[in-house]
file query.txt (compact mmCIF, C-alpha atoms)
# COMPACT_ATOMS: atom_id res chain seq x y z
CA ALA A 16 25.82 13.48 -13.79
CA MET A 17 24.40 10.95 -11.37
CA LEU A 18 26.63 8.17 -12.68
CA ARG A 19 29.74 10.33 -12.35
CA ARG A 20 28.97 10.71 -8.66
CA LEU A 21 28.63 6.99 -8.07
CA ALA A 22 31.66 4.93 -7.12
CA PRO A 23 32.96 3.42 -10.38
CA ARG A 24 34.55 0.27 -8.98
CA PHE A 25 33.57 -1.96 -6.12
CA LEU A 26 35.29 -4.47 -3.88
CA ARG A 27 34.76 -8.20 -4.49
CA ALA A 28 34.36 -9.94 -1.12
CA THR A 29 34.47 -13.60 -0.08
CA PRO A 30 30.93 -15.04 -0.13
CA ARG A 31 29.38 -15.74 3.24
CA ARG A 32 26.37 -17.80 4.26
CA GLY A 33 23.27 -15.55 4.08
CA ILE A 34 19.77 -15.78 5.42
CA ALA A 35 18.42 -19.25 4.75
CA SER A 36 14.72 -18.53 5.00
CA LEU A 37 13.01 -15.53 6.55
CA GLY A 38 9.61 -14.10 5.83
CA PHE A 39 8.73 -10.39 5.99
CA THR A 40 7.48 -10.66 9.59
CA SER A 41 10.69 -12.32 10.76
CA ILE A 42 12.86 -9.80 8.94
CA ALA A 43 10.87 -6.89 10.31
CA LYS A 44 11.28 -8.25 13.83
CA ARG A 45 15.02 -8.77 13.28
CA TRP A 46 15.40 -5.20 12.05
CA LYS A 47 13.38 -3.85 14.97
CA ASP A 48 15.72 -5.68 17.37
CA LEU A 49 18.76 -4.22 15.62
CA ALA A 50 17.44 -0.67 15.29
CA PRO A 51 18.48 0.80 18.69
CA ALA A 52 22.10 -0.16 18.10
CA THR A 53 22.17 1.18 14.56
CA GLN A 54 20.62 4.62 14.86
CA VAL A 55 23.84 6.35 13.78
CA ARG A 56 25.16 3.69 11.43
CA ALA A 57 24.39 5.75 8.34
CA LEU A 58 26.52 8.56 9.77
CA CYS A 59 29.40 6.10 10.18
CA VAL A 60 29.48 5.31 6.47
CA PRO A 61 30.83 8.53 4.90
CA SER A 62 29.87 7.53 1.36
CA GLY A 63 26.51 6.03 2.37
CA ALA A 64 22.96 7.31 2.86
CA ALA A 65 23.85 10.97 3.39
CA GLU A 66 25.86 11.06 0.18
CA TYR A 67 23.23 9.09 -1.73
CA ASN A 68 20.49 11.51 -0.67
CA LYS A 69 22.43 14.37 -2.26
CA LEU A 70 21.47 12.91 -5.63
CA TYR A 71 17.93 14.21 -4.99
CA PRO A 72 17.55 18.04 -4.95
CA GLU A 73 15.69 19.67 -2.06
CA LYS A 74 13.82 22.08 -4.32
CA SER A 75 12.06 21.66 -7.63
CA SER A 76 13.06 23.88 -10.54
CA ASP A 77 9.57 23.85 -12.06
CA GLY A 78 7.32 23.77 -9.00
CA PHE A 79 6.39 20.11 -9.42
CA LEU A 80 7.07 17.93 -6.36
CA ARG A 81 9.66 15.21 -6.76
CA LEU A 82 11.51 12.77 -4.54
CA GLY A 83 13.95 14.52 -2.24
CA ASN A 84 12.01 17.80 -2.25
CA VAL A 85 10.99 19.27 1.10
CA ALA A 86 7.30 18.50 1.62
CA PRO A 87 5.17 21.68 1.57
CA ASP A 88 4.17 22.84 5.04
CA PHE A 89 0.56 23.82 5.69
CA SER A 90 -2.04 24.48 8.36
CA ALA A 91 -5.48 22.88 8.31
CA ASP A 92 -8.51 21.76 10.27
CA THR A 93 -8.59 18.04 11.05
CA THR A 94 -10.76 15.52 12.86
CA GLN A 95 -8.31 15.81 15.77
CA GLY A 96 -8.42 19.61 15.91
CA PRO A 97 -6.40 22.33 14.20
CA MET A 98 -3.04 21.40 12.68
CA ASP A 99 -1.06 24.64 12.85
CA SER A 100 1.94 23.23 10.99
CA PHE A 101 2.26 19.92 9.17
CA HIS A 102 6.02 20.02 9.71
CA ASP A 103 5.61 20.58 13.46
CA TRP A 104 3.10 17.74 13.58
CA ILE A 105 5.65 15.41 11.95
CA GLY A 106 8.35 16.46 14.42
CA ASP A 107 11.17 13.90 14.54
CA SER A 108 9.00 11.12 13.13
CA TRP A 109 8.43 9.62 9.73
CA ALA A 110 5.02 10.35 8.25
CA ILE A 111 2.62 9.11 5.60
CA LEU A 112 0.19 11.52 3.95
CA PHE A 113 -2.68 9.78 2.15
CA SER A 114 -5.14 11.66 -0.05
CA HIS A 115 -8.66 10.50 -0.88
CA PRO A 116 -10.94 11.76 -3.66
CA ALA A 117 -13.88 12.35 -1.32
CA ASP A 118 -15.81 11.22 1.74
CA PHE A 119 -18.62 8.66 1.36
CA THR A 120 -16.92 6.85 -1.51
CA PRO A 121 -16.61 3.05 -1.40
CA VAL A 122 -12.90 2.52 -2.05
CA CYS A 123 -11.87 5.30 0.34
CA THR A 124 -14.00 3.77 3.06
CA THR A 125 -12.10 0.48 2.87
CA GLU A 126 -8.74 2.26 2.66
CA ILE A 127 -9.30 4.22 5.86
CA GLY A 128 -10.20 0.95 7.55
CA ARG A 129 -7.02 -0.75 6.33
CA VAL A 130 -4.88 2.22 7.37
CA ALA A 131 -6.41 2.06 10.85
CA LEU A 132 -5.38 -1.61 11.13
CA LYS A 133 -1.76 -0.62 10.38
CA HIS A 134 -1.69 2.31 12.83
CA ASP A 135 0.00 0.50 15.73
CA TRP A 136 2.50 -1.26 13.46
CA LEU A 137 3.55 2.09 12.01
CA ALA A 138 3.60 3.80 15.41
CA GLU A 139 6.08 1.18 16.64
CA ARG A 140 8.32 2.32 13.79
CA ASN A 141 7.96 6.01 14.65
CA CYS A 142 5.76 6.69 11.63
CA LYS A 143 2.68 8.91 11.85
CA ILE A 144 -0.35 8.81 9.57
CA ALA A 145 -2.52 11.62 8.21
CA THR A 146 -5.15 11.40 5.50
CA LEU A 147 -6.75 14.14 3.47
CA SER A 148 -9.82 14.74 1.37
CA VAL A 149 -11.50 17.83 -0.05
CA ASP A 150 -14.50 17.62 2.31
CA PRO A 151 -14.88 19.60 5.59
CA VAL A 152 -14.29 18.16 9.06
CA ASP A 153 -18.00 17.71 9.84
CA SER A 154 -18.31 15.52 6.77
CA HIS A 155 -15.21 13.55 7.79
CA ASN A 156 -16.62 12.82 11.25
CA THR A 157 -19.94 11.58 9.89
CA TRP A 158 -18.21 9.47 7.27
CA LEU A 159 -15.89 7.86 9.84
CA GLU A 160 -18.91 6.33 11.53
CA ASP A 161 -19.52 4.45 8.29
CA VAL A 162 -15.87 3.45 8.08
CA VAL A 163 -15.89 1.92 11.57
CA ALA A 164 -19.21 0.18 10.96
CA HIS A 165 -18.06 -1.32 7.65
CA CYS A 166 -14.71 -2.65 8.89
CA GLU A 167 -15.10 -6.04 10.57
CA ASN A 168 -12.04 -5.63 12.81
CA ASN A 169 -13.48 -3.25 15.44
CA ILE A 170 -11.09 -0.48 14.42
CA LYS A 171 -10.35 2.91 15.96
CA ILE A 172 -9.37 5.95 13.91
CA ASP A 173 -6.36 7.24 15.83
CA PHE A 174 -5.02 9.57 13.16
CA PRO A 175 -6.19 12.92 11.75
CA ILE A 176 -8.31 13.31 8.63
CA ILE A 177 -7.37 16.65 7.08
CA ALA A 178 -9.97 18.95 5.53
CA ASP A 179 -8.98 20.60 2.25
CA PRO A 180 -12.19 22.23 0.97
CA ASP A 181 -10.36 24.97 -0.94
CA ARG A 182 -7.93 22.45 -2.49
CA LYS A 183 -4.87 24.51 -1.51
CA ILE A 184 -3.05 21.55 0.03
CA SER A 185 -3.99 19.36 -2.92
CA VAL A 186 -2.55 21.92 -5.32
CA ALA A 187 0.66 22.25 -3.27
CA TYR A 188 1.12 18.47 -3.45
CA ASN A 189 0.30 18.25 -7.18
CA MET A 190 -2.81 16.16 -6.62
CA PHE A 191 -4.42 17.92 -9.56
CA ASP A 192 -3.78 20.80 -11.95
CA PRO A 193 -4.45 24.17 -10.28
CA GLY A 194 -5.98 25.33 -13.56
CA ASN A 195 -8.95 23.09 -12.76
CA LEU A 196 -9.82 24.96 -9.57
CA ASP A 197 -12.33 27.16 -11.36
CA ASP A 198 -14.13 24.24 -13.03
CA ASP A 199 -17.73 23.67 -12.06
CA GLY A 200 -18.14 21.22 -9.22
CA LEU A 201 -14.51 21.47 -8.07
CA PRO A 202 -12.27 18.55 -9.06
CA LEU A 203 -11.44 15.63 -6.78
CA THR A 204 -7.91 14.67 -5.84
CA ILE A 205 -6.15 11.52 -7.02
CA ARG A 206 -5.31 8.74 -4.56
CA ALA A 207 -1.81 9.81 -3.55
CA VAL A 208 0.67 8.51 -0.98
CA PHE A 209 3.60 10.56 0.29
CA ILE A 210 6.12 9.01 2.67
CA ILE A 211 8.07 11.78 4.37
CA GLY A 212 11.21 11.48 6.50
CA PRO A 213 12.07 13.25 9.76
CA ASP A 214 14.02 15.74 7.63
CA LYS A 215 10.64 16.68 6.04
CA LYS A 216 11.84 15.46 2.63
CA ILE A 217 9.67 13.32 0.38
CA LYS A 218 11.03 9.78 0.21
CA LEU A 219 8.31 8.10 -1.87
CA ILE A 220 5.32 9.12 -4.00
CA LEU A 221 2.58 6.77 -5.22
CA ASN A 222 -0.39 7.84 -7.35
CA TYR A 223 -3.47 5.73 -7.96
CA PRO A 224 -6.63 6.31 -9.99
CA ALA A 225 -9.94 6.60 -8.16
CA SER A 226 -10.92 3.09 -9.27
CA VAL A 227 -7.99 1.25 -7.60
CA GLY A 228 -7.58 0.86 -3.85
CA ARG A 229 -4.14 0.91 -2.27
CA ASN A 230 -2.33 -2.09 -0.80
CA MET A 231 -1.43 -1.16 2.77
CA ASP A 232 0.91 -4.13 3.17
CA GLU A 233 3.00 -2.77 0.29
CA ILE A 234 3.03 0.73 1.78
CA CYS A 235 4.22 -0.70 5.10
CA ARG A 236 6.92 -2.66 3.26
CA CYS A 237 8.07 0.60 1.69
CA VAL A 238 8.28 2.30 5.10
CA GLU A 239 10.36 -0.60 6.41
CA ALA A 240 12.66 -0.46 3.39
CA LEU A 241 13.09 3.34 3.48
CA GLN A 242 13.92 3.35 7.18
CA LEU A 243 16.37 0.48 6.74
CA SER A 244 18.05 2.30 3.84
CA ALA A 245 18.34 5.55 5.80
CA LYS A 246 19.87 3.85 8.83
CA GLU A 247 22.08 1.27 7.14
CA SER A 248 23.14 2.84 3.81
CA ILE A 249 21.58 -0.01 1.82
CA ALA A 250 18.98 -0.49 -0.91
CA THR A 251 16.36 -3.24 -0.95
CA PRO A 252 16.12 -5.44 -4.09
CA ALA A 253 12.94 -6.15 -6.01
CA ASN A 254 10.42 -8.21 -4.01
CA TRP A 255 12.40 -7.73 -0.79
CA PRO A 256 12.40 -9.52 1.60
CA ASN A 257 11.60 -12.46 -0.72
CA ASN A 258 14.69 -12.01 -2.87
CA HIS A 259 17.86 -13.95 -3.78
CA GLU A 260 16.67 -17.17 -2.16
CA SER A 261 18.21 -19.24 -4.97
CA ILE A 262 21.74 -18.26 -3.85
CA GLY A 263 21.04 -18.72 -0.14
CA MET A 264 20.70 -14.99 0.61
CA LYS A 265 16.97 -14.52 1.03
CA GLY A 266 16.18 -11.09 2.47
CA SER A 267 19.65 -9.73 1.74
CA VAL A 268 20.11 -6.08 0.75
CA PHE A 269 22.32 -4.15 -1.66
CA ILE A 270 25.01 -1.76 -0.48
CA LEU A 271 24.23 1.72 -1.85
CA PRO A 272 26.11 2.56 -5.09
CA THR A 273 27.72 5.60 -3.47
CA VAL A 274 29.46 3.48 -0.82
CA THR A 275 33.13 3.23 -1.75
CA PRO A 276 35.01 -0.09 -1.80
CA GLU A 277 36.89 1.01 1.32
CA ASP A 278 33.69 1.79 3.24
CA ALA A 279 32.09 -1.43 1.99
CA LYS A 280 35.00 -3.47 3.32
CA GLU A 281 34.95 -1.73 6.68
CA HIS A 282 31.21 -1.53 7.33
CA PHE A 283 29.89 -4.54 5.38
CA PRO A 284 32.60 -7.20 5.80
CA ASP A 285 30.14 -10.05 5.13
CA HIS A 286 28.92 -8.74 1.79
CA LYS A 287 29.08 -10.75 -1.42
CA THR A 288 29.58 -9.32 -4.91
CA CYS A 289 27.49 -11.13 -7.51
CA GLU A 290 29.31 -12.08 -10.69
CA VAL A 291 27.71 -10.85 -13.92
CA PRO A 292 28.78 -11.03 -17.62
CA SER A 293 29.77 -7.35 -17.72
CA GLY A 294 32.39 -7.96 -15.05
CA LYS A 295 31.24 -4.86 -13.19
CA GLU A 296 31.19 -5.25 -9.42
CA TYR A 297 28.05 -3.33 -8.54
CA LEU A 298 25.70 -6.03 -7.21
CA ARG A 299 27.00 -6.04 -3.64
CA LEU A 300 24.71 -8.07 -1.38
CA ALA A 301 24.87 -7.90 2.41
CA PRO A 302 22.98 -10.35 4.65
CA LEU A 303 20.36 -8.56 6.72
CA GLU A 304 21.53 -10.40 9.80
CA SER A 305 25.01 -8.89 9.41
CA LEU A 306 23.83 -5.28 9.61
CA GLY A 307 24.76 -3.50 12.81
CA LYS A 308 27.82 -5.65 13.49
CA ASN A 309 30.34 -2.96 12.49
call {"tool": "encode", "arguments": {"input": "query.txt", "output": "structure tokens"}}
result
Amino acid sequence: AMLRRLAPRFLRATPRRGIASLGFTSIAKRWKDLAPATQVRALCVPSGAAEYNKLYPEKSSDGFLRLGNVAPDFSADTTQGPMDSFHDWIGDSWAILFSHPADFTPVCTTEIGRVALKHDWLAERNCKIATLSVDPVDSHNTWLEDVVAHCENNIKIDFPIIADPDRKISVAYNMFDPGNLDDDGLPLTIRAVFIIGPDKKIKLILNYPASVGRNMDEICRCVEALQLSAKESIATPANWPNNHESIGMKGSVFILPTVTPEDAKEHFPDHKTCEVPSGKEYLRLAPLESLGKN
């Protein structure tokens, strides 16, 4: 059903010179410079991001959260005071919800410190942060003193730590089986990451075991890629922005499969279609530096 909705044939364009050599920092800066002029670009590509997002249903048929579903709303106590509505707290921003198994655990302590170091970078990109564990607020506040003391970068915790002692939020976000709620000792949540858009829909889900800490640089890369996709109707290749260097198009991006040949020609005139043995014209690369020109 998904394939039937994708454009079956794509336009082959004349190759153009791409990005010669840009690192992630340079590409991020370039995108930040372009962003104000491209806020409505996705709306200008009729077959682009809006159409692509329709491939993901807003509601789950079996109660299990999936990409594209509306994130469950909730109220909770936090280290920054009561949160009456998670959706209202998000507002018109992007948001990341991190879960932690428990306070006073070694991996979680380092993760909170690394998240704090990324706070300003994310704030510049209109992305809020909230973390959650099953302990109460008083425990969070005491634990945060350890977090600050352990991190060598003189950090500040400028985001809320949510208390979920009854595990209701954790159950709503499928962080563990609700059937385990009655087990002795109460179960701990997995390490989960939810990136949520301004439309309150889940854009990305990552789950980690308790023994593996998260890579905050990768999570920030995902935020950058998701925002770029939403605004520009593109998809980022594997290892972006360190991709396609061998053909002189390092940092280039793919045009979304739903974008028709006509829209591709109009809105991505500098794109290049990669030749492959199948003869299918679906690998349509656009230089990052060309985005926002049309």
call {"tool": "closest_residue", "arguments": {"input": "query.txt", "among": "A:Cys237, A:Ala110, A:Ile127, A:Ala178", "to": "Ala164 of chain A", "atoms": "only C-alpha atoms"}}
result
A:Ile127
call {"tool": "closest_residue", "arguments": {"input": "query.txt", "among": "A:Ser226, A:Thr94, A:Ser154, A:Ser100", "to": "Cys123 of chain A", "atoms": "only C-alpha atoms"}}
result
A:Ser226
call {"tool": "atom_distance", "arguments": {"input": "query.txt", "atom1": "atom CA of Cys235 of chain A", "atom2": "atom CA of His286 of chain A"}}
result
26.2 Å
call {"tool": "residues_around", "arguments": {"input": "query.txt", "residues": "Lys218 of chain A", "least_positions_apart": "6", "cutoff": "7 Å", "atoms": "only C-alpha atoms", "output": "list in words"}}
result
Leu82, Gly83, Ile210, Ile211 and Gly212 of chain A
call {"tool": "closest_residue", "arguments": {"input": "query.txt", "among": "A:Thr251, A:Thr288, A:Leu219, A:Val227", "to": "Ile111 of chain A", "atoms": "only C-alpha atoms"}}
result
A:Leu219
call {"tool": "closest_residue", "arguments": {"input": "query.txt", "among": "A:Asp214, A:Glu296, A:Glu247, A:Glu239", "to": "Leu137 of chain A", "atoms": "only C-alpha atoms"}}
result
A:Glu239
call {"tool": "closest_residue", "arguments": {"input": "query.txt", "among": "A:Asn168, A:Ser293, A:Ser267, A:Asn222", "to": "Thr125 of chain A", "atoms": "only C-alpha atoms"}}
result
A:Asn168
call {"tool": "residues_around", "arguments": {"input": "query.txt", "residues": "Asp103 of chain A", "least_positions_apart": "5", "cutoff": "12 Å", "atoms": "only C-alpha atoms", "output": "list in words"}}
result
Pro87, Asp88, Phe89, Ser90, Met98, Ser108, Trp109, Ala110, Pro213, Asp214 and Lys215 of chain A
call {"tool": "residues_around", "arguments": {"input": "query.txt", "residues": "Thr120 of chain A", "least_positions_apart": "6", "cutoff": "12 Å", "atoms": "all atoms listed in the file", "output": "number ranges by chain"}}
result
A: 126-127, 148, 150, 155, 158-159, 161-162, 203, 225-226, 228
call {"tool": "closest_residue", "arguments": {"input": "query.txt", "among": "A:Leu80, A:Val163, A:Glu139, A:Ser248", "to": "Asp278 of chain A", "atoms": "all atoms listed in the file"}}
result
A:Ser248
call {"tool": "atom_distance", "arguments": {"input": "query.txt", "atom1": "atom CA of Ile217 of chain A", "atom2": "atom CA of Phe269 of chain A"}}
result
21.7 Å
call {"tool": "residues_around", "arguments": {"input": "query.txt", "residues": "Pro224 of chain A", "least_positions_apart": "3", "cutoff": "12 Å", "atoms": "only C-alpha atoms", "output": "list in words"}}
result
Ser114, His115, Pro116, Val122, Cys123, Met190, Phe191, Leu203, Thr204, Ile205, Arg206, Ala207, Val208, Leu221, Val227, Gly228 and Arg229 of chain A
call {"tool": "build_atoms", "arguments": {"input": "query.txt", "residues": "segment 252-265 of chain A", "atoms": "N, CA, C and O atoms", "output": "short mmCIF file (atom, residue, chain, number, x, y, z; two decimals), in the coordinates of the input"}}
result
data_model
loop_
_atom_site.label_atom_id
_atom_site.label_comp_id
_atom_site.auth_asym_id
_atom_site.auth_seq_id
_atom_site.Cartn_x
_atom_site.Cartn_y
_atom_site.Cartn_z
N PRO A 252 16.37 -4.93 -2.74
CA PRO A 252 16.12 -5.44 -4.09
C PRO A 252 14.63 -5.57 -4.38
O PRO A 252 13.78 -5.43 -3.49
N ALA A 253 14.32 -5.87 -5.63
CA ALA A 253 12.94 -6.15 -6.01
C ALA A 253 12.39 -7.31 -5.18
O ALA A 253 13.11 -8.28 -4.90
N ASN A 254 11.12 -7.18 -4.78
CA ASN A 254 10.42 -8.21 -4.01
C ASN A 254 10.99 -8.45 -2.62
O ASN A 254 10.65 -9.44 -1.97
N TRP A 255 11.87 -7.58 -2.15
CA TRP A 255 12.40 -7.73 -0.79
C TRP A 255 11.24 -7.79 0.19
O TRP A 255 10.28 -7.04 0.07
N PRO A 256 11.28 -8.68 1.17
CA PRO A 256 12.40 -9.52 1.60
C PRO A 256 12.44 -10.92 0.96
O PRO A 256 13.18 -11.78 1.41
N ASN A 257 11.62 -11.14 -0.06
CA ASN A 257 11.60 -12.46 -0.72
C ASN A 257 12.49 -12.45 -1.95
O ASN A 257 12.04 -12.71 -3.06
N ASN A 258 13.75 -12.16 -1.76
CA ASN A 258 14.69 -12.01 -2.87
C ASN A 258 15.93 -12.88 -2.66
O ASN A 258 16.28 -13.22 -1.53
N HIS A 259 16.57 -13.25 -3.77
CA HIS A 259 17.86 -13.95 -3.78
C HIS A 259 17.87 -15.24 -2.96
O HIS A 259 18.91 -15.65 -2.42
N GLU A 260 16.72 -15.91 -2.89
CA GLU A 260 16.67 -17.17 -2.16
C GLU A 260 17.47 -18.25 -2.86
O GLU A 260 18.04 -19.15 -2.22
N SER A 261 17.55 -18.18 -4.20
CA SER A 261 18.21 -19.24 -4.97
C SER A 261 19.71 -19.31 -4.69
O SER A 261 20.34 -20.34 -4.94
N ILE A 262 20.31 -18.23 -4.17
CA ILE A 262 21.74 -18.26 -3.85
C ILE A 262 21.96 -18.26 -2.34
O ILE A 262 23.04 -17.95 -1.87
N GLY A 263 20.91 -18.61 -1.59
CA GLY A 263 21.04 -18.72 -0.14
C GLY A 263 21.14 -17.39 0.57
O GLY A 263 21.67 -17.33 1.69
N MET A 264 20.62 -16.31 -0.03
CA MET A 264 20.70 -14.99 0.61
C MET A 264 19.33 -14.31 0.62
O MET A 264 19.21 -13.13 0.32
N LYS A 265 18.31 -15.08 0.96
CA LYS A 265 16.97 -14.52 1.03
C LYS A 265 16.91 -13.36 2.03
O LYS A 265 17.41 -13.47 3.15
#
